[in-house]
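Enquirer: Quick one, run_11.txt (compact mmCIF, C-alpha atoms and all ligand atoms):
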# COMPACT_ATOMS: atom_id res chain seq x y z
CA MET A 1 81.50 62.60 118.00
CA LEU A 2 84.33 62.24 115.56
CA SER A 3 86.07 58.92 115.00
CA LEU A 4 89.52 58.77 113.44
CA LEU A 5 90.50 55.51 111.78
CA SER A 6 94.19 55.02 111.01
CA HIS A 7 94.85 54.36 107.36
CA SER A 8 98.01 53.32 105.52
CA ALA A 9 98.01 56.62 103.63
CA GLY A 10 96.94 58.86 106.47
CA LEU A 11 93.86 59.36 108.64
CA VAL A 12 90.42 58.56 107.30
CA LEU A 13 87.72 60.52 109.07
CA HIS A 14 84.21 59.19 109.65
CA ALA A 15 81.13 60.36 111.53
CA PRO A 16 81.66 64.14 111.12
CA LEU A 17 80.22 66.70 113.49
CA HIS A 18 76.47 67.16 113.13
CA GLY A 19 75.30 70.24 111.29
CA ASN A 20 74.05 71.93 114.45
CA ALA A 21 77.43 71.42 116.18
CA VAL A 22 79.14 72.80 113.10
CA ALA A 23 76.62 75.61 112.84
CA ALA A 24 77.23 76.47 116.49
CA GLN A 25 80.84 77.14 115.62
CA ARG A 26 79.82 79.61 112.91
CA SER A 27 79.77 83.25 113.67
CA SER A 28 76.23 84.23 114.65
CA ALA A 29 76.76 87.63 113.10
CA PRO A 30 73.97 88.19 110.59
CA GLN A 31 75.11 88.55 106.98
CA MET A 32 74.95 92.23 106.04
CA ALA A 33 73.53 92.77 102.58
CA GLY A 34 76.22 95.40 102.03
CA PRO A 35 79.66 94.76 100.49
CA ARG A 36 82.03 92.52 102.44
CA PRO A 37 85.69 93.58 102.92
CA VAL A 38 87.80 93.22 99.77
CA GLN A 39 90.54 90.60 100.21
CA ILE A 40 93.43 90.20 97.78
CA ILE A 41 94.76 86.64 97.80
CA PRO A 42 97.69 85.92 95.47
CA SER A 43 98.22 82.46 94.03
CA VAL A 44 101.81 81.19 94.29
CA LEU A 45 101.63 79.58 90.85
CA PRO A 46 103.61 82.40 89.10
CA ALA A 47 105.97 82.90 92.05
CA ASP A 48 109.68 81.95 91.94
CA TRP A 49 109.46 78.42 93.34
CA ALA A 50 113.22 78.25 93.74
CA ASN A 51 112.71 80.85 96.48
CA MET A 52 109.21 80.12 97.72
CA GLY A 53 109.90 81.26 101.28
CA ALA A 54 111.24 84.60 100.15
CA GLU A 55 108.29 84.99 97.77
CA CYS A 56 105.82 84.45 100.64
CA LYS A 57 107.64 87.11 102.66
CA ARG A 58 107.49 89.45 99.63
CA LEU A 59 103.75 88.87 99.39
CA GLU A 60 103.34 89.62 103.10
CA ASP A 61 105.30 92.87 102.69
CA ALA A 62 103.11 93.77 99.68
CA GLY A 63 100.04 93.88 101.94
CA VAL A 64 98.05 90.90 100.67
CA ASP A 65 95.35 89.38 102.89
CA ARG A 66 96.40 85.72 102.63
CA ILE A 67 98.29 83.40 100.26
CA GLN A 68 96.71 80.69 98.11
CA PHE A 69 98.53 77.42 97.50
CA ASP A 70 97.23 75.69 94.36
CA VAL A 71 97.53 71.95 95.06
CA MET A 72 97.30 69.94 91.83
CA ASP A 73 97.74 66.17 91.50
CA GLY A 74 97.91 65.69 87.71
CA ASN A 75 94.65 63.76 87.98
CA PHE A 76 91.82 66.18 88.76
CA VAL A 77 93.68 68.79 86.67
CA PRO A 78 96.42 68.32 84.02
CA ASN A 79 99.16 69.81 86.19
CA LEU A 80 101.18 68.75 89.26
CA THR A 81 102.38 71.12 91.99
CA PHE A 82 103.12 70.34 95.66
CA GLY A 83 101.89 68.63 98.82
CA PRO A 84 101.23 69.64 102.44
CA ASP A 85 104.92 69.63 103.46
CA VAL A 86 105.72 72.46 101.02
CA ILE A 87 102.83 74.51 102.41
CA ALA A 88 103.83 73.80 106.02
CA ALA A 89 107.41 74.84 105.26
CA GLN A 90 106.25 78.34 104.32
CA ARG A 91 104.90 78.83 107.85
CA LYS A 92 108.49 79.59 108.91
CA THR A 93 108.66 82.59 106.56
CA THR A 94 105.41 84.49 107.11
CA LYS A 95 102.67 85.15 109.63
CA LEU A 96 100.10 85.55 106.84
CA MET A 97 97.09 83.25 106.80
CA PHE A 98 97.09 80.53 104.13
CA GLU A 99 94.48 79.11 101.81
CA THR A 100 94.86 75.69 100.16
CA GLN A 101 92.87 74.87 97.02
CA LEU A 102 92.72 71.11 96.55
CA MET A 103 92.56 70.50 92.80
CA VAL A 104 93.05 66.80 93.43
CA SER A 105 91.23 63.47 92.99
CA GLU A 106 88.80 62.12 95.57
CA ARG A 107 91.35 59.49 96.64
CA CYS A 108 93.88 62.21 97.45
CA THR A 109 91.29 64.27 99.33
CA ASP A 110 90.13 61.27 101.38
CA ALA A 111 93.68 60.21 102.23
CA MET A 112 95.26 63.61 102.89
CA LEU A 113 92.63 66.11 104.07
CA PRO A 114 93.98 66.03 107.67
CA GLN A 115 97.52 66.80 106.52
CA PHE A 116 96.40 69.67 104.27
CA THR A 117 94.14 71.11 106.97
CA GLU A 118 97.01 71.03 109.49
CA ALA A 119 99.53 72.56 107.04
CA THR A 120 97.14 75.43 106.22
CA LYS A 121 96.66 76.57 109.84
CA GLY A 122 97.82 80.01 110.96
CA PRO A 123 100.93 80.83 113.05
CA ASN A 124 98.99 80.21 116.27
CA GLY A 125 96.95 77.31 114.93
CA GLU A 126 94.18 79.51 113.56
CA PRO A 127 91.86 77.87 111.01
CA GLY A 128 93.32 78.15 107.51
CA VAL A 129 91.04 78.13 104.45
CA VAL A 130 90.80 74.62 102.97
CA ILE A 131 89.03 74.48 99.61
CA VAL A 132 87.61 71.25 98.23
CA HIS A 133 86.08 70.94 94.77
CA VAL A 134 82.46 69.83 94.67
CA GLU A 135 83.33 67.82 91.54
CA ALA A 136 86.00 65.79 93.42
CA CYS A 137 84.06 64.92 96.58
CA THR A 138 81.23 62.38 96.42
CA HIS A 139 80.54 63.01 100.14
CA ILE A 140 81.36 66.71 100.23
CA HIS A 141 78.98 67.36 103.15
CA ARG A 142 81.17 65.03 105.20
CA SER A 143 84.46 66.48 103.85
CA LEU A 144 83.46 70.05 104.71
CA SER A 145 82.27 69.01 108.19
CA ASN A 146 85.57 67.19 108.73
CA ILE A 147 87.61 70.25 107.76
CA ARG A 148 85.76 72.27 110.42
CA ALA A 149 86.15 69.45 112.97
CA MET A 150 89.91 69.38 112.34
CA GLY A 151 90.25 73.11 112.96
CA GLY A 152 90.13 74.37 109.38
CA SER A 153 87.89 76.94 107.67
CA PRO A 154 85.91 75.01 105.02
CA SER A 155 85.41 76.33 101.49
CA VAL A 156 83.88 74.77 98.40
CA ALA A 157 84.99 75.41 94.80
CA LEU A 158 83.02 75.01 91.56
CA ASN A 159 84.52 74.58 88.09
CA PRO A 160 83.09 76.76 85.30
CA SER A 161 80.71 74.08 83.98
CA THR A 162 79.36 73.16 87.43
CA PRO A 163 76.01 74.81 88.19
CA ALA A 164 75.66 76.94 91.31
CA GLU A 165 72.96 74.53 92.50
CA ALA A 166 75.71 71.98 93.24
CA VAL A 167 76.55 73.92 96.42
CA GLU A 168 73.06 75.19 97.32
CA ASN A 169 72.56 72.52 100.01
CA ILE A 170 75.94 72.89 101.75
CA LEU A 171 76.17 76.65 102.19
CA ASP A 172 75.50 76.21 105.92
CA LEU A 173 78.83 74.34 106.26
CA VAL A 174 81.23 76.78 104.56
CA ASP A 175 82.91 80.11 105.24
CA HIS A 176 83.70 80.68 101.55
CA VAL A 177 82.50 79.67 98.10
CA LEU A 178 85.16 79.74 95.35
CA VAL A 179 83.78 80.32 91.85
CA MET A 180 86.44 79.27 89.33
CA THR A 181 86.51 81.80 86.51
CA VAL A 182 88.89 79.70 84.41
CA ASN A 183 89.26 75.97 83.88
CA PRO A 184 91.60 74.98 86.74
CA GLY A 185 95.18 73.84 86.23
CA PHE A 186 97.10 76.80 84.91
CA GLY A 187 97.59 80.51 85.48
CA GLY A 188 97.52 83.19 82.79
CA GLN A 189 94.15 82.21 81.30
CA ALA A 190 91.35 84.61 80.33
CA TYR A 191 88.43 85.31 82.68
CA ILE A 192 85.23 83.52 81.58
CA PRO A 193 82.55 86.27 81.55
CA THR A 194 79.60 83.87 81.87
CA MET A 195 80.74 83.14 85.44
CA THR A 196 79.63 86.60 86.59
CA GLU A 197 75.96 85.55 86.75
CA LYS A 198 76.89 82.44 88.75
CA ILE A 199 78.52 84.71 91.33
CA ARG A 200 75.40 86.88 91.46
CA LYS A 201 73.13 83.85 91.98
CA ILE A 202 75.20 82.45 94.85
CA ARG A 203 75.48 85.87 96.46
CA LYS A 204 71.68 86.23 96.41
CA TRP A 205 71.29 82.89 98.22
CA ILE A 206 73.81 84.02 100.86
CA VAL A 207 72.10 87.37 101.48
CA ASP A 208 68.56 85.93 101.39
CA ARG A 209 69.52 83.32 104.01
CA GLY A 210 71.52 85.73 106.18
CA LEU A 211 74.68 83.60 105.87
CA ASP A 212 78.17 84.84 106.79
CA ILE A 213 80.02 83.64 103.69
CA ASP A 214 82.65 85.21 101.42
CA ILE A 215 82.58 84.59 97.68
CA GLU A 216 86.01 84.07 96.13
CA VAL A 217 86.86 84.15 92.44
CA ASP A 218 89.95 82.61 90.85
CA GLY A 219 91.25 82.85 87.33
CA GLY A 220 91.91 85.69 84.93
CA VAL A 221 91.22 88.34 87.60
CA LYS A 222 93.04 91.60 86.82
CA ALA A 223 92.87 95.21 88.01
CA ASP A 224 90.31 95.97 85.33
CA TRP A 225 86.70 95.15 84.37
CA THR A 226 87.15 91.53 85.54
CA ILE A 227 87.59 92.30 89.25
CA ALA A 228 85.06 95.14 88.96
CA GLN A 229 82.34 92.93 87.45
CA CYS A 230 82.99 90.20 90.04
CA CYS A 231 82.68 92.78 92.82
CA ASP A 232 79.46 94.11 91.39
CA ALA A 233 78.08 90.55 91.30
CA GLY A 234 78.92 90.03 94.99
CA ALA A 235 82.42 88.54 95.20
CA ASN A 236 84.81 90.03 97.78
CA CYS A 237 87.85 87.68 97.76
CA PHE A 238 90.10 87.74 94.70
CA ILE A 239 92.74 85.16 93.84
CA ALA A 240 95.23 86.64 91.41
CA GLY A 241 98.38 85.11 89.95
CA SER A 242 99.49 86.70 86.70
CA GLY A 243 97.29 89.71 87.49
CA MET A 244 99.46 90.45 90.50
CA PHE A 245 102.95 89.28 89.53
CA ALA A 246 102.85 91.31 86.29
CA TYR A 247 103.58 94.57 88.13
CA PRO A 248 107.09 95.97 88.81
CA THR A 249 106.44 95.37 92.52
CA LEU A 250 103.93 93.08 94.24
CA LYS A 251 102.68 96.02 96.31
CA GLU A 252 101.70 97.84 93.11
CA GLY A 253 99.81 94.76 91.97
CA CYS A 254 98.02 94.32 95.28
CA ASP A 255 97.15 98.02 95.52
CA ALA A 256 95.88 98.16 91.91
CA LEU A 257 93.59 95.16 92.39
CA ARG A 258 92.25 96.46 95.71
CA ALA A 259 91.65 99.97 94.31
CA VAL A 260 89.54 98.78 91.36
CA ALA A 261 87.58 96.41 93.62
CA GLN A 262 86.87 99.07 96.24
CA LYS A 263 85.79 101.55 93.55
CA ALA A 264 83.38 98.92 92.21
CA GLN A 265 81.98 98.34 95.71
CA ALA A 266 81.44 102.11 95.92
CA GLY A 267 79.40 101.99 92.71
CA ASP A 268 82.07 102.92 90.16
CA VAL A 269 82.09 99.60 88.24
CA MET A 270 84.57 99.42 85.36
CA ALA A 271 82.68 98.18 82.28
CA LYS A 272 83.72 95.26 80.08
CA PRO A 273 85.18 96.73 76.84
CA ASN A 274 83.16 95.97 73.68
C1 LIG B 301 93.94 77.76 88.13
C2 LIG B 301 94.84 78.51 89.06
C3 LIG B 301 94.90 79.96 88.61
C4 LIG B 301 95.69 80.83 89.52
C5 LIG B 301 95.46 82.27 89.17
O1 LIG B 301 93.90 76.44 88.52
O2 LIG B 301 94.33 78.41 90.37
O3 LIG B 301 93.58 80.44 88.55
O4 LIG B 301 95.35 80.57 90.81
O5 LIG B 301 96.00 82.45 87.92
P1 LIG B 301 95.74 83.78 87.08
O6 LIG B 301 95.45 84.91 88.04
O7 LIG B 301 97.02 84.00 86.32
O8 LIG B 301 94.58 83.49 86.19
How does this structure look as structure tokens?
Expert:
Amino acid sequence: MLSLLSHSAGLVLHAPLHGNAVAAQRSSAPQMAGPRPVQIIPSVLPADWANMGAECKRLEDAGVDRIQFDVMDGNFVPNLTFGPDVIAAQRKTTKLMFETQLMVSERCTDAMLPQFTEATKGPNGEPGVVIVHVEACTHIHRSLSNIRAMGGSPSVALNPSTPAEAVENILDLVDHVLVMTVNPGFGGQAYIPTMTEKIRKIRKWIVDRGLDIDIEVDGGVKADWTIAQCCDAGANCFIAGSGMFAYPTLKEGCDALRAVAQKAQAGDVMAKPN
């Protein structure tokens, strides 16, 4: 049973669905130990915000798998971007699925999770990926359950200094785990190589438990050793900003990232230069 309490700043959700009800909604398909499909997910941070709608259409035409909207509140991270209305407005320009990363304070998450979950839904109301940071959610088990109850696809993100163990007990609630490979807040930063082993650890938990979960990585991912090493460690969803927008066309960027990732999944893993 889910109770919604009205709140001056939005809806506050209590009494989330029980784990078994949530689990029942999960695909029963056993996790295959083999590679999961590569997904290229551009961040809109480096896009031309004066023409955000046209940029989303350009990304759709480039063949990306979904679009990530980096929500920042100037509190959880030292940057400020946009709210749910900007995300919802892009629904008019593309049929692509969306993904919203909430790099925001707990107060913002508590007050606005329903609005962000609704804005992230697909063209026919399909669950959009809603990412909450484990560092910004005291009651993250409840927040993830609420995202699922509101028709979203829950995902949890970890900052570079947060140990993998912080999400070990909530893997049954999520469809994705996002391993931040830079300190969140800005694009154009360098990939942090020590994150590769964190990816590998989380992937082992997923395979050992037979869970149907994608691992995403975000930050400094390029069509080089970075995406290859992440693939080799078990990631299959790649958020790229500067690594995609740097190409003459977005399709070239998307194709380059996907090609290096798929080669890595086939065993040809580009090495980190000395
Ligand atoms: C960090 C941002 C960036 C962005 C990707 O908070 O979320 O990671 O999405 O930026 P690049 O690909 O330029 O590192």
Enquirer: Hey, can you check how far atom CA of A:Phe76 sits from atom CA of A:Glu135?
Expert: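 Atom CA of A:Glu135 lies at a distance of 9.1 Å from atom CA of A:Phe76.
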Enquirer: Show me, as a ChimeraX atom specification, the residues that have an atom within 7 Å of A:Asp73 when counting only C-alpha atoms, minus same-chain residues fewer than 4 positions from it.
Expert: /A:77,79-81,103-104
Enquirer: May I have the selected residues written with C-alpha atoms, as a PDB file, in the coordinates of the input?
Expert:
ATOM      1  CA  VAL A  77      93.680  68.790  86.670  1.00  0.00           C
ATOM      2  CA  ASN A  79      99.160  69.810  86.190  1.00  0.00           C
ATOM      3  CA  LEU A  80     101.180  68.750  89.260  1.00  0.00           C
ATOM      4  CA  THR A  81     102.380  71.120  91.990  1.00  0.00           C
ATOM      5  CA  MET A 103      92.560  70.500  92.800  1.00  0.00           C
ATOM      6  CA  VAL A 104      93.050  66.800  93.430  1.00  0.00           C
TER       7      VAL A 104
END
Enquirer: Calculate how many Å separate atom CA of A:Leu257 from atom CA of A:Lys222, rounding to one decimal.
Expert: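 Here the two named atoms are 6.6 Å from each other.
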Enquirer: Identify, on the basis of all atoms listed in the file, every residue whose closest approach to A:Ala233 does not exceed 7 Å; exclude the query and any residue fewer than 6 positions from it along the same chain; express the result as a JSON list (two decimals) with C-alpha atoms, in the frame of the given file.
Expert:
[["chain", "number", "residue", "atom", "x", "y", "z"],
["A", 196, "THR", "CA", 79.63, 86.60, 86.59],
["A", 199, "ILE", "CA", 78.52, 84.71, 91.33],
["A", 200, "ARG", "CA", 75.40, 86.88, 91.46]]
Enquirer: List the neighbours of A:Leu144 out to 8 Å using all atoms listed in the file; skip same-chain residues closer than 2 positions along the sequence, and give me the result as an NGL selection string.
Expert: :A and (132 or 140-142 or 146-148 or 154-156 or 173-174)
Enquirer: Tell me, as a list in words, which residues lie within 8 Å of A:Arg91, counting all atoms listed in the file; anything in the same chain fewer than 3 positions away does not count.
Expert: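 In the requested form, the answer reads Ile87, Ala88, Thr94, Lys95, Gly122 and Pro123 of chain A.
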Enquirer: Let me have all residues with an atom within 7 Å of ligand LIG 301 (chain B), counting only C-alpha atoms and all ligand atoms, laid out as an MDAnalysis selection string.
Expert: chainID A and resid 43 45 70 182:190 218:221 239:243
Enquirer: Neighbourhood query: residues within 12 Å of (95.8, 75.3, 106.8), file coordinates, counting all atoms listed in the file; return as a ChimeraX atom specification.
Expert: /A:66-69,84-91,96-102,113-131,147-148,150-155
Enquirer: Between A:Ala264, A:Ala149, A:Ile215, A:Val44, single out the one closest to A:Cys231, counting all atoms listed in the file.
Expert: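 Going through A:Ala264, A:Ala149, A:Ile215, A:Val44 one by one, the smallest distance to A:Cys231 is for A:Ala264.
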Enquirer: Between A:Val179, A:Cys56, A:Val260, A:Ile40, which one has atoms that come closest to A:Asn159, using all atoms listed in the file?
Expert: A:Val179
Enquirer: Distance atom CA of A:Ser105-atom CA of A:Thr194, one decimal place?
Expert: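 It comes out at 26.0 Å.
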Enquirer: Emit as lines of an AutoDock Vina configuration file the padded axis-aligned box for all listed atoms of stretch 231-243 of chain A, 4 Å per side, with centre and edge lengths in Å to one decimal.
Expert:
center_x = 88.8
center_y = 89.6
center_z = 92.2
size_x = 29.4
size_y = 17.0
size_z = 19.1
Enquirer: I want to know what sits within 9 Å of stretch 224-226 of chain A, based on all atoms listed in the file, with residues of the same chain fewer than 4 positions away left out; could you give that as JSON, numbers by chain?
Expert: {"A": [191, 193, 220, 230, 231, 256, 257, 260, 261, 269, 270, 271, 272, 273]}
Enquirer: For A:Met72, which residue among A:His133, A:Arg258, A:Lys92, A:His139 is the nearest when counting only C-alpha atoms?
Expert: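 That would be A:His133, the residue with the smallest distance to A:Met72.
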